[in-house]
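Peer 1: Would you mind keeping the following structure in view while I ask a few things?
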Amino acid sequence: MTETVNPAEIPQFPAARAARCPFDPPPVLHALQEQGPLAKVKVWDGSTPWLVTRYEEQRALLADPRVSADVTRPGYPRSAPVVSRNGSAISFILMDDPEHARLRRMVQAPFTVRRIETLRPAVQKIVDGLIDDMLAGPSPVDLVEAFALPVPSLVICELLGVPYADHEFFQDNSKILIRRAADPEERAAAFARLVGYLDDLVGQKLDHSGEDLLSRLAERIKADELTRPEAARMGVLLLVAGHETTANMIALGTLALLEHPDQLDLLRRTDDPKLVAGAVEELLRYLNITHSGRRRVALEDIEIGGQVIRAGDGLILANDIGNRDPAAFPDPDRLDLRRDARRHVAFGFGVHQCLGQPLARMELQVAYGTLYRRVPTLRLATELERIPFKHDGQVYGVYELPVAW
C-alpha cells in the first residue's frame with residue numbers, strides 16, 4: 001500500500017487518541033492493518049516513513065540487521081524536532097551494534113531476571129507501605145501521586161543510587177523530555193540539567209563507591225572502559241525510563257481494570273502468582289505506553305509484506321496496533337487476563353528490546369497483585385470523560401487518577 005495517510009490520524013498525533021476509547025488504537029490503524037502490513041504516512045516534518053501495522057512484520061523488521069536504530073542516519077523518522085545532531089548526547093538505545101552492545105553490557109547485569117527477583121521483597125515492602133499511607137489518608141486520592149509514581153521512583157532510585165529526596169527535580173525534568181510539544185531548546189536544557197545532576201552523582205561514586213548501579217559505572221570509568229559523560233547519559237536514560245513508563249502503566253492499567261470489573265475481580269480474588277504474571281502480560285499487550293511507535297531506518301532494500309522498503313526509508317513500528325493484530329492474538333480488542341499474551345511487542349524485539357523489562361514486569365506484578373486485594377473496594381472517583389490523558393507525550397498514560405474506596 002502506498003497511500004499517504006493524514007498525519008492527524010496516526011498514533012503519534014494527539015488528536016487521534018483524544019476522540020476515541022482511551023485504551024484502543026485509532027480506528028484508522030485497524031483499517032490500515034486490514035489492508036496490509038505497510039502504509040506510507042506523513043509526519044510532523046513532512047517526511048513519509050512506512051508505518052508497520054502487523055505483528056509478524058514488526059517482529060521481523062525489529063530483528064533484521066538491515067534495519068538501523070541510529071537516530072543520526074538520514075531518513076530516520078524522528079518523533080520531534082531537536083536542537084542539533086550532536087552525537088555525544090545520544091543514548092545507546094538509539095545506536096547500532098557494536099557501540100550499542102558495548103554500552104548496553106555496562107548496565108545489563110543488574111537487570112537479569114535472577115537479580116531482579118532478589119529485589120521483590122523490597123518492592124513488596126515499598127508497595128505495602130504506600131498502600132498503608134494511602135489508606136490512612138483521605139479518600140478520594142490521586143492514585144498517580146499516592147502510588148503509581150512513587151513505586152517505580154523509589155525502586156529506580158535504590159537501584160541506581162540516586163537520592164529519592166531529589167525526586168521532584170528529576171521528575172519535573174523528565175516530564176519535559178517526554179513532552180512532545182516541548183520546545184527543542186527547553187528539552188535540551190532539561191536534558192543538560194539531568195546530565196549535570198547525574199554527572200555530580202557519578203563523581204561522588206568515583207570517590208565513595210557503593211553497591212548501586214552508578215557505582216558500577218564509576219568502576220567502569222576507573223578501568224577506562226567508559227567515559228564519565230557516557231556514564232552520566234546512561235544514568236539519565238535509566239532514571240527517566242525506570243520510573244516514567246512503569247508509573248504510567250500502573251495507573252493506566254488500574255483504570256483499564258476499573259473499566260473492566262469482571263477482569264479486576266480475577267485479581268482481587270487471587271493470590272496465584274502465575275495468574276498475576278499472566279495478567280501483567282495481557283495488560284502490557286492491551287495497553288500502549290510508548291505510543292509513538294518504535295523508530296528505525298532501512299540500511300538496504302528490504303522486501304516484506306509484498307512491498308519493497310528502500311534503503312534510507314524511515315520505519316515506524318506501531319506496537320499498539322501490532323499487539324492488536326488478530327492474526328497473533330484472537331479477539332485482540334478484548335481484555336482477557338487469562339490469555340497467553342507473552343509474545344507481545346510492548347518491550348520491542350531483537351537486540352534493542354527493553355533492557356529494564358524484568359524490573360518492569362516484577363514491579364507491575366507486585367503492584368497489581370497487591371493493590372486490588374488490599375483495597376477491594378477501590379473505585380474511580382470521577383467520570384472516565386474527566387480523566388486527563390497524556391495525549392501530548394512520548395509516554396502515554398494519565399496525569400491523575402482520582403480513586404476512592
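How things are named: the first chain in the C-alpha cells is A, the next is B, and so on; residues count from 1 in each chain; ligands count from 1 in the order shown.
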Please provide as a ChimeraX atom specification all residues within 8 Å of Ser215 (chain A), with the sequence filter that same-chain residues fewer than 3 positions apart are discarded (counting only C-alpha atoms).
Peer 2: /A:161,202,205-206,209-212,218-219
Peer 1: Only C-alpha atoms, please: the residues just picked out, written as a tab-separated table (two decimals), in the first residue's frame.
Peer 2:
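part_39.tsv was written with the following content:
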chain	number	residue	atom	x	y	z
A	161	GLY	CA	21.97	5.05	43.99
A	202	VAL	CA	28.90	9.70	39.31
A	205	LYS	CA	30.63	7.40	43.36
A	206	LEU	CA	34.17	7.72	41.99
A	209	SER	CA	31.77	3.58	45.72
A	210	GLY	CA	28.77	1.53	46.85
A	211	GLU	CA	26.71	-1.42	45.63
A	212	ASP	CA	24.43	0.58	43.32
A	218	ALA	CA	32.12	4.56	38.21
A	219	GLU	CA	34.22	1.40	38.35
Peer 1: Neighbouring residues of region 54-59 of chain A were defined as those with any atom within 7 Å, considering only C-alpha atoms; residues of the same chain fewer than 5 positions away were excluded. Please report them as a PyMOL selection string.
Peer 2: chain A and resi 33+37+317+322-323+325+328+349
Peer 1: Could you dump the residues just selected with all heavy atoms as a PDB file, in the first residue's frame?
Peer 2:
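And here is the file that came out, again37.pdb:
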ATOM      1  N   GLN A  33      -4.328  -1.850   8.915  1.00  0.00           N
ATOM      2  CA  GLN A  33      -3.865  -3.204   9.189  1.00  0.00           C
ATOM      3  C   GLN A  33      -4.610  -4.224   8.336  1.00  0.00           C
ATOM      4  O   GLN A  33      -4.021  -5.195   7.842  1.00  0.00           O
ATOM      5  CB  GLN A  33      -4.041  -3.517  10.676  1.00  0.00           C
ATOM      6  CG  GLN A  33      -3.412  -4.826  11.129  1.00  0.00           C
ATOM      7  CD  GLN A  33      -3.667  -5.069  12.604  1.00  0.00           C
ATOM      8  OE1 GLN A  33      -4.797  -5.353  13.002  1.00  0.00           O
ATOM      9  NE2 GLN A  33      -2.628  -4.962  13.418  1.00  0.00           N
ATOM     10  N   PRO A  37       0.315  -4.875   5.747  1.00  0.00           N
ATOM     11  CA  PRO A  37       1.209  -4.623   6.884  1.00  0.00           C
ATOM     12  C   PRO A  37       1.962  -3.298   6.819  1.00  0.00           C
ATOM     13  O   PRO A  37       2.549  -2.885   7.817  1.00  0.00           O
ATOM     14  CB  PRO A  37       2.185  -5.795   6.822  1.00  0.00           C
ATOM     15  CG  PRO A  37       2.240  -6.152   5.369  1.00  0.00           C
ATOM     16  CD  PRO A  37       0.848  -5.913   4.847  1.00  0.00           C
ATOM     17  N   LEU A 317       7.211   1.479  13.736  1.00  0.00           N
ATOM     18  CA  LEU A 317       6.609   0.188  14.087  1.00  0.00           C
ATOM     19  C   LEU A 317       5.651   0.429  15.242  1.00  0.00           C
ATOM     20  O   LEU A 317       6.063   0.581  16.392  1.00  0.00           O
ATOM     21  CB  LEU A 317       7.696  -0.822  14.447  1.00  0.00           C
ATOM     22  CG  LEU A 317       8.675  -1.076  13.280  1.00  0.00           C
ATOM     23  CD1 LEU A 317      10.002  -0.379  13.548  1.00  0.00           C
ATOM     24  CD2 LEU A 317       8.885  -2.548  13.028  1.00  0.00           C
ATOM     25  N   GLY A 322       0.223  -3.462  16.532  1.00  0.00           N
ATOM     26  CA  GLY A 322       0.859  -4.769  16.423  1.00  0.00           C
ATOM     27  C   GLY A 322       0.344  -5.725  17.479  1.00  0.00           C
ATOM     28  O   GLY A 322       0.104  -6.909  17.215  1.00  0.00           O
ATOM     29  N   ASN A 323       0.148  -5.209  18.683  1.00  0.00           N
ATOM     30  CA  ASN A 323      -0.379  -6.024  19.775  1.00  0.00           C
ATOM     31  C   ASN A 323      -1.883  -6.254  19.682  1.00  0.00           C
ATOM     32  O   ASN A 323      -2.442  -7.009  20.483  1.00  0.00           O
ATOM     33  CB  ASN A 323      -0.053  -5.372  21.119  1.00  0.00           C
ATOM     34  CG  ASN A 323       1.370  -5.632  21.555  1.00  0.00           C
ATOM     35  OD1 ASN A 323       1.973  -6.633  21.197  1.00  0.00           O
ATOM     36  ND2 ASN A 323       1.926  -4.713  22.343  1.00  0.00           N
ATOM     37  N   ASP A 325      -3.165  -7.224  16.643  1.00  0.00           N
ATOM     38  CA  ASP A 325      -3.266  -7.948  15.368  1.00  0.00           C
ATOM     39  C   ASP A 325      -4.019  -9.265  15.608  1.00  0.00           C
ATOM     40  O   ASP A 325      -3.553 -10.126  16.359  1.00  0.00           O
ATOM     41  CB  ASP A 325      -1.863  -8.237  14.837  1.00  0.00           C
ATOM     42  CG  ASP A 325      -1.868  -8.837  13.440  1.00  0.00           C
ATOM     43  OD1 ASP A 325      -2.915  -9.359  13.009  1.00  0.00           O
ATOM     44  OD2 ASP A 325      -0.814  -8.800  12.772  1.00  0.00           O
ATOM     45  N   ALA A 328      -2.247 -12.627  15.434  1.00  0.00           N
ATOM     46  CA  ALA A 328      -1.371 -13.014  16.540  1.00  0.00           C
ATOM     47  C   ALA A 328      -2.142 -13.238  17.833  1.00  0.00           C
ATOM     48  O   ALA A 328      -1.775 -14.098  18.645  1.00  0.00           O
ATOM     49  CB  ALA A 328      -0.293 -11.952  16.757  1.00  0.00           C
ATOM     50  N   PHE A 349      11.558  -5.974  20.361  1.00  0.00           N
ATOM     51  CA  PHE A 349      12.034  -7.297  19.964  1.00  0.00           C
ATOM     52  C   PHE A 349      13.430  -7.124  19.398  1.00  0.00           C
ATOM     53  O   PHE A 349      13.802  -6.045  18.940  1.00  0.00           O
ATOM     54  CB  PHE A 349      11.088  -7.925  18.928  1.00  0.00           C
ATOM     55  CG  PHE A 349      11.358  -9.372  18.638  1.00  0.00           C
ATOM     56  CD1 PHE A 349      11.171 -10.332  19.614  1.00  0.00           C
ATOM     57  CD2 PHE A 349      11.807  -9.780  17.390  1.00  0.00           C
ATOM     58  CE1 PHE A 349      11.421 -11.680  19.359  1.00  0.00           C
ATOM     59  CE2 PHE A 349      12.058 -11.116  17.114  1.00  0.00           C
ATOM     60  CZ  PHE A 349      11.862 -12.067  18.107  1.00  0.00           C
TER      61      PHE A 349
END
Peer 1: Please report the interatomic distance between CA of Arg379 (chain A) and CA of Arg361 (chain A) in Å with one decimal.
Peer 2: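 Rounded to one decimal, the two atoms are 24.0 Å apart.
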Peer 1: Using only C-alpha atoms, which residues sit within 8 Å of Asn173 (chain A) once same-chain residues fewer than 6 positions away are excluded, as a list in words?
Peer 2: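 The contact residues come out as Ala190, Phe191, Arg193 and Leu194 of chain A.
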Peer 1: Go ahead and write the residues just picked, N, CA, C and O atoms, as a PDB file, in the first residue's frame.
Peer 2:
ATOM      1  N   ALA A 190      16.538  20.754  29.744  1.00  0.00           N
ATOM      2  CA  ALA A 190      16.161  19.757  30.747  1.00  0.00           C
ATOM      3  C   ALA A 190      17.130  18.583  30.730  1.00  0.00           C
ATOM      4  O   ALA A 190      17.545  18.077  31.786  1.00  0.00           O
ATOM      5  N   PHE A 191      17.503  18.154  29.529  1.00  0.00           N
ATOM      6  CA  PHE A 191      18.464  17.061  29.408  1.00  0.00           C
ATOM      7  C   PHE A 191      19.801  17.457  30.019  1.00  0.00           C
ATOM      8  O   PHE A 191      20.431  16.669  30.745  1.00  0.00           O
ATOM      9  N   ARG A 193      20.337  19.617  32.392  1.00  0.00           N
ATOM     10  CA  ARG A 193      20.229  19.645  33.858  1.00  0.00           C
ATOM     11  C   ARG A 193      20.337  18.240  34.436  1.00  0.00           C
ATOM     12  O   ARG A 193      21.002  18.015  35.458  1.00  0.00           O
ATOM     13  N   LEU A 194      19.671  17.279  33.792  1.00  0.00           N
ATOM     14  CA  LEU A 194      19.727  15.907  34.279  1.00  0.00           C
ATOM     15  C   LEU A 194      21.120  15.312  34.116  1.00  0.00           C
ATOM     16  O   LEU A 194      21.609  14.602  35.006  1.00  0.00           O
TER      17      LEU A 194
END
Peer 1: Using only C-alpha atoms, determine which residues lie at most 7 Å from Ile316 (chain A), disregarding the query and same-chain residues fewer than 2 positions distant; provide the list as a ChimeraX atom specification.
Peer 2: /A:49-52,293-296,314,318
Peer 1: Would you write out those residues with N, CA and C atoms, as a compact mmCIF listing (two decimals), in the first residue's frame?
Peer 2:
# COMPACT_ATOMS: atom_id res chain seq x y z
N PRO A 49 7.56 8.24 6.18
CA PRO A 49 8.06 6.90 6.50
C PRO A 49 6.98 5.84 6.33
N TRP A 50 7.40 4.59 6.41
CA TRP A 50 6.47 3.47 6.40
C TRP A 50 5.94 3.24 7.82
N LEU A 51 4.63 3.07 7.93
CA LEU A 51 4.01 2.64 9.17
C LEU A 51 3.80 1.13 9.08
N VAL A 52 4.36 0.39 10.03
CA VAL A 52 4.27 -1.07 10.03
C VAL A 52 3.18 -1.45 11.04
N GLY A 293 5.38 4.71 18.72
CA GLY A 293 5.95 3.67 17.87
C GLY A 293 7.47 3.61 17.97
N ARG A 294 8.03 2.47 17.64
CA ARG A 294 9.49 2.35 17.60
C ARG A 294 9.98 2.83 16.24
N ARG A 295 11.06 3.61 16.24
CA ARG A 295 11.53 4.26 15.02
C ARG A 295 12.79 3.57 14.51
N ARG A 296 12.86 3.36 13.21
CA ARG A 296 14.00 2.73 12.57
C ARG A 296 14.19 3.33 11.17
N GLY A 314 12.36 5.58 6.25
CA GLY A 314 12.07 5.50 7.67
C GLY A 314 10.98 4.50 7.96
N ALA A 318 4.36 0.51 14.91
CA ALA A 318 3.34 0.89 15.88
C ALA A 318 2.95 -0.31 16.73
Peer 1: From region 277-374 of chain A, collect each residue whose DSSP state is helix (DSSP H, G or I) and return the set as a VMD selection string.
Peer 2: chain A and resid 277 to 286 319 to 322 350 to 352 357 to 374
Peer 1: Work out how far CA of Asp24 (chain A) is from CA of Glu385 (chain A), in Å to one decimal.
Peer 2: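 These atoms are spaced 14.9 Å apart.
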Peer 1: So how many Å separate CA of Asp271 (chain A) and CA of Leu149 (chain A), to one decimal?
Peer 2: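 Taking CA of Asp271 (chain A) and CA of Leu149 (chain A), their separation equals 24.0 Å.
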Peer 1: Using DSSP on the backbone, list every residue of region 27-87 of chain A that comes out as strand (DSSP E), and give them as a PyMOL selection string.
Peer 2: chain A and resi 38-41+50-52+67-68
Peer 1: Go ahead and write the selection's residues with N, CA and C atoms as an mmCIF file, in the first residue's frame.
Peer 2:
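File produced: selection_39.cif:
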data_model
loop_
_atom_site.group_PDB
_atom_site.id
_atom_site.type_symbol
_atom_site.label_atom_id
_atom_site.label_comp_id
_atom_site.auth_asym_id
_atom_site.auth_seq_id
_atom_site.Cartn_x
_atom_site.Cartn_y
_atom_site.Cartn_z
ATOM 1 N N LEU A 38 1.958 -2.641 5.652
ATOM 2 C CA LEU A 38 2.716 -1.406 5.484
ATOM 3 C C LEU A 38 1.852 -0.313 4.868
ATOM 4 N N ALA A 39 2.057 0.919 5.344
ATOM 5 C CA ALA A 39 1.386 2.070 4.755
ATOM 6 C C ALA A 39 2.302 3.275 4.871
ATOM 7 N N LYS A 40 2.294 4.127 3.860
ATOM 8 C CA LYS A 40 3.047 5.378 3.930
ATOM 9 C C LYS A 40 2.250 6.392 4.743
ATOM 10 N N VAL A 41 2.929 7.098 5.671
ATOM 11 C CA VAL A 41 2.278 8.123 6.471
ATOM 12 C C VAL A 41 3.117 9.398 6.431
ATOM 13 N N TRP A 50 7.398 4.590 6.411
ATOM 14 C CA TRP A 50 6.473 3.472 6.405
ATOM 15 C C TRP A 50 5.942 3.240 7.823
ATOM 16 N N LEU A 51 4.631 3.074 7.926
ATOM 17 C CA LEU A 51 4.012 2.643 9.171
ATOM 18 C C LEU A 51 3.801 1.135 9.080
ATOM 19 N N VAL A 52 4.362 0.392 10.027
ATOM 20 C CA VAL A 52 4.265 -1.070 10.035
ATOM 21 C C VAL A 52 3.182 -1.453 11.036
ATOM 22 N N VAL A 67 18.071 -3.144 9.346
ATOM 23 C CA VAL A 67 17.286 -2.034 9.898
ATOM 24 C C VAL A 67 18.085 -1.404 11.029
ATOM 25 N N SER A 68 18.181 -0.077 11.021
ATOM 26 C CA SER A 68 19.021 0.642 11.971
ATOM 27 C C SER A 68 18.197 1.442 12.970
#
Peer 1: At a cut-off of 10 Å, using only C-alpha atoms, what residues contact Pro150 (chain A)? Leave out same-chain residues fewer than 4 positions from it and give the result as a list in words.
Peer 2: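 In the requested form, the answer reads Ile126, Val127, Leu130, Leu143, Val144, Glu145, Ala146, Leu154, Val155, Ile156, Tyr164, His167, His243 and Ala247 of chain A.
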Peer 1: Using only C-alpha atoms, find the one residue out of A:Pro98, A:Gly242, A:Gly305, A:Pro22 that sits nearest to Cys354 (chain A).
Peer 2: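 Checking each of A:Pro98, A:Gly242, A:Gly305, A:Pro22 against Cys354 (chain A), counting only C-alpha atoms, the winner is A:Gly242.
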Peer 1: If we count only C-alpha atoms and set the cut-off at 12 Å, which residues sit around Ala298 (chain A), ignoring sequence neighbours fewer than 3 positions away in its own chain? Please answer as a PyMOL selection string.
Peer 2: chain A and resi 49-50+61-62+64-71+73-77+295+301-303+308-316
Peer 1: Between A:Met95, A:Val240, A:Leu29, A:Ala341, which is the closest to Asp172 (chain A) once you count only C-alpha atoms?
Peer 2: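 Answer, going by the shortest atom-to-atom distance: A:Val240.
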Peer 1: List the neighbours of Leu264 (chain A) out to 10 Å using only C-alpha atoms; skip same-chain residues closer than 3 positions along the sequence, and give me the result as a list in words.
Peer 2: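 Here the qualifying residues turn out to be Thr254, Leu255, Ala256, Leu257, Leu258, Glu259, His260, Pro261, Leu267, Arg268, Arg269, Ala279, Leu337, Tyr368, Tyr372, Arg373 and Pro376 of chain A.
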Peer 1: Grab the residues selected above and save them as a CSV table (one decimal), in the first residue's frame with all heavy atoms.
Peer 2:
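For reference, again_17.csv as written:
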chain,number,residue,atom,x,y,z
A,254,THR,N,-4.6,0.2,36.1
A,254,THR,CA,-5.6,0.3,37.1
A,254,THR,C,-6.9,0.8,36.5
A,254,THR,O,-8.0,0.3,36.8
A,254,THR,CB,-5.2,1.1,38.3
A,254,THR,OG1,-4.0,0.5,38.9
A,254,THR,CG2,-6.3,1.3,39.3
A,255,LEU,N,-6.8,1.9,35.7
A,255,LEU,CA,-8.0,2.5,35.1
A,255,LEU,C,-8.7,1.5,34.2
A,255,LEU,O,-9.9,1.3,34.2
A,255,LEU,CB,-7.7,3.7,34.3
A,255,LEU,CG,-8.8,4.4,33.6
A,255,LEU,CD1,-9.9,4.8,34.6
A,255,LEU,CD2,-8.3,5.7,32.9
A,256,ALA,N,-7.9,0.8,33.4
A,256,ALA,CA,-8.5,-0.2,32.5
A,256,ALA,C,-9.2,-1.3,33.2
A,256,ALA,O,-10.3,-1.8,32.9
A,256,ALA,CB,-7.4,-0.8,31.6
A,257,LEU,N,-8.6,-1.7,34.4
A,257,LEU,CA,-9.3,-2.8,35.2
A,257,LEU,C,-10.5,-2.3,35.8
A,257,LEU,O,-11.5,-3.0,35.9
A,257,LEU,CB,-8.3,-3.3,36.2
A,257,LEU,CG,-7.1,-4.1,35.7
A,257,LEU,CD1,-6.0,-4.3,36.8
A,257,LEU,CD2,-7.6,-5.5,35.2
A,258,LEU,N,-10.5,-1.0,36.3
A,258,LEU,CA,-11.7,-0.5,36.9
A,258,LEU,C,-12.9,-0.4,35.8
A,258,LEU,O,-14.0,-0.5,36.2
A,258,LEU,CB,-11.5,0.9,37.5
A,258,LEU,CG,-10.6,0.9,38.7
A,258,LEU,CD1,-10.2,2.4,39.1
A,258,LEU,CD2,-11.3,0.3,39.9
A,259,GLU,N,-12.5,-0.2,34.6
A,259,GLU,CA,-13.5,-0.2,33.5
A,259,GLU,C,-13.9,-1.6,33.0
A,259,GLU,O,-14.7,-1.7,32.2
A,259,GLU,CB,-12.9,0.7,32.3
A,259,GLU,CG,-12.8,2.1,32.6
A,259,GLU,CD,-14.1,2.8,32.9
A,259,GLU,OE1,-15.0,2.7,32.0
A,259,GLU,OE2,-14.3,3.4,33.9
A,260,HIS,N,-13.2,-2.6,33.5
A,260,HIS,CA,-13.5,-4.0,33.2
A,260,HIS,C,-13.6,-4.8,34.5
A,260,HIS,O,-12.7,-5.5,34.9
A,260,HIS,CB,-12.4,-4.6,32.3
A,260,HIS,CG,-12.3,-4.0,30.9
A,260,HIS,ND1,-11.6,-2.8,30.7
A,260,HIS,CD2,-12.7,-4.4,29.7
A,260,HIS,CE1,-11.6,-2.5,29.4
A,260,HIS,NE2,-12.3,-3.5,28.8
A,261,PRO,N,-14.7,-4.5,35.2
A,261,PRO,CA,-14.8,-5.1,36.6
A,261,PRO,C,-14.7,-6.6,36.7
A,261,PRO,O,-14.2,-7.2,37.7
A,261,PRO,CB,-16.1,-4.6,37.1
A,261,PRO,CG,-16.9,-4.2,35.8
A,261,PRO,CD,-15.8,-3.7,34.9
A,267,LEU,N,-8.2,-10.5,39.7
A,267,LEU,CA,-7.0,-10.1,40.5
A,267,LEU,C,-7.4,-9.9,42.0
A,267,LEU,O,-6.6,-10.2,42.9
A,267,LEU,CB,-6.4,-8.8,39.9
A,267,LEU,CG,-5.6,-9.0,38.6
A,267,LEU,CD1,-5.1,-7.7,38.1
A,267,LEU,CD2,-4.4,-10.0,38.8
A,268,ARG,N,-8.6,-9.4,42.2
A,268,ARG,CA,-9.0,-9.2,43.6
A,268,ARG,C,-9.0,-10.5,44.4
A,268,ARG,O,-8.8,-10.6,45.6
A,268,ARG,CB,-10.4,-8.5,43.7
A,268,ARG,CG,-10.4,-7.0,43.4
A,268,ARG,CD,-11.7,-6.5,43.8
A,268,ARG,NE,-11.8,-5.1,43.6
A,268,ARG,CZ,-12.7,-4.4,42.8
A,268,ARG,NH1,-13.6,-5.1,42.1
A,268,ARG,NH2,-12.7,-3.1,42.8
A,269,ARG,N,-9.4,-11.6,43.7
A,269,ARG,CA,-9.7,-12.8,44.4
A,269,ARG,C,-8.5,-13.8,44.3
A,269,ARG,O,-8.7,-14.9,44.9
A,269,ARG,CB,-10.9,-13.5,43.7
A,269,ARG,CG,-12.2,-12.7,44.0
A,269,ARG,CD,-13.4,-13.5,43.4
A,269,ARG,NE,-13.5,-13.6,42.0
A,269,ARG,CZ,-13.2,-14.7,41.3
A,269,ARG,NH1,-12.8,-15.8,41.9
A,269,ARG,NH2,-13.3,-14.7,40.0
A,279,ALA,N,-1.7,-11.7,33.9
A,279,ALA,CA,-2.4,-10.5,33.8
A,279,ALA,C,-1.6,-9.3,33.4
A,279,ALA,O,-2.0,-8.5,32.6
A,279,ALA,CB,-3.1,-10.2,35.2
A,337,LEU,N,-7.5,-11.4,31.0
A,337,LEU,CA,-6.4,-11.7,31.8
A,337,LEU,C,-5.9,-13.1,31.8
A,337,LEU,O,-4.8,-13.4,32.3
A,337,LEU,CB,-6.6,-11.2,33.3
A,337,LEU,CG,-6.9,-9.7,33.5
A,337,LEU,CD1,-7.0,-9.4,34.9
A,337,LEU,CD2,-6.0,-8.8,32.7
A,368,TYR,N,0.0,-4.7,40.9
A,368,TYR,CA,-1.3,-5.2,40.5
A,368,TYR,C,-1.7,-6.3,41.4
A,368,TYR,O,-2.9,-6.5,41.8
A,368,TYR,CB,-1.3,-5.8,39.1
A,368,TYR,CG,-1.1,-4.8,38.0
A,368,TYR,CD1,-0.5,-5.1,36.8
A,368,TYR,CD2,-1.5,-3.4,38.1
A,368,TYR,CE1,-0.4,-4.2,35.7
A,368,TYR,CE2,-1.4,-2.5,37.1
A,368,TYR,CZ,-0.8,-2.9,35.9
A,368,TYR,OH,-0.6,-2.1,34.8
A,372,TYR,N,-5.3,-4.3,44.6
A,372,TYR,CA,-6.7,-4.6,44.5
A,372,TYR,C,-7.1,-5.6,45.6
A,372,TYR,O,-8.3,-5.6,46.0
A,372,TYR,CB,-7.0,-5.1,43.1
A,372,TYR,CG,-6.3,-4.3,42.0
A,372,TYR,CD1,-5.5,-5.0,41.1
A,372,TYR,CD2,-6.5,-3.0,41.9
A,372,TYR,CE1,-4.9,-4.3,40.1
A,372,TYR,CE2,-5.8,-2.2,41.0
A,372,TYR,CZ,-5.0,-2.9,40.1
A,372,TYR,OH,-4.3,-2.2,39.1
A,373,ARG,N,-6.2,-6.4,46.0
A,373,ARG,CA,-6.5,-7.3,47.1
A,373,ARG,C,-6.6,-6.6,48.5
A,373,ARG,O,-7.5,-6.8,49.3
A,373,ARG,CB,-5.5,-8.5,47.2
A,373,ARG,CG,-5.7,-9.5,46.2
A,373,ARG,CD,-4.9,-10.8,46.5
A,373,ARG,NE,-3.4,-10.5,46.5
A,373,ARG,CZ,-2.7,-10.5,47.6
A,373,ARG,NH1,-3.2,-10.7,48.8
A,373,ARG,NH2,-1.4,-10.3,47.6
A,376,PRO,N,-10.0,-3.8,48.3
A,376,PRO,CA,-11.0,-4.5,47.4
A,376,PRO,C,-12.2,-3.6,46.9
A,376,PRO,O,-12.8,-3.9,45.9
A,376,PRO,CB,-11.5,-5.6,48.3
A,376,PRO,CG,-11.3,-5.2,49.7
A,376,PRO,CD,-10.0,-4.4,49.6
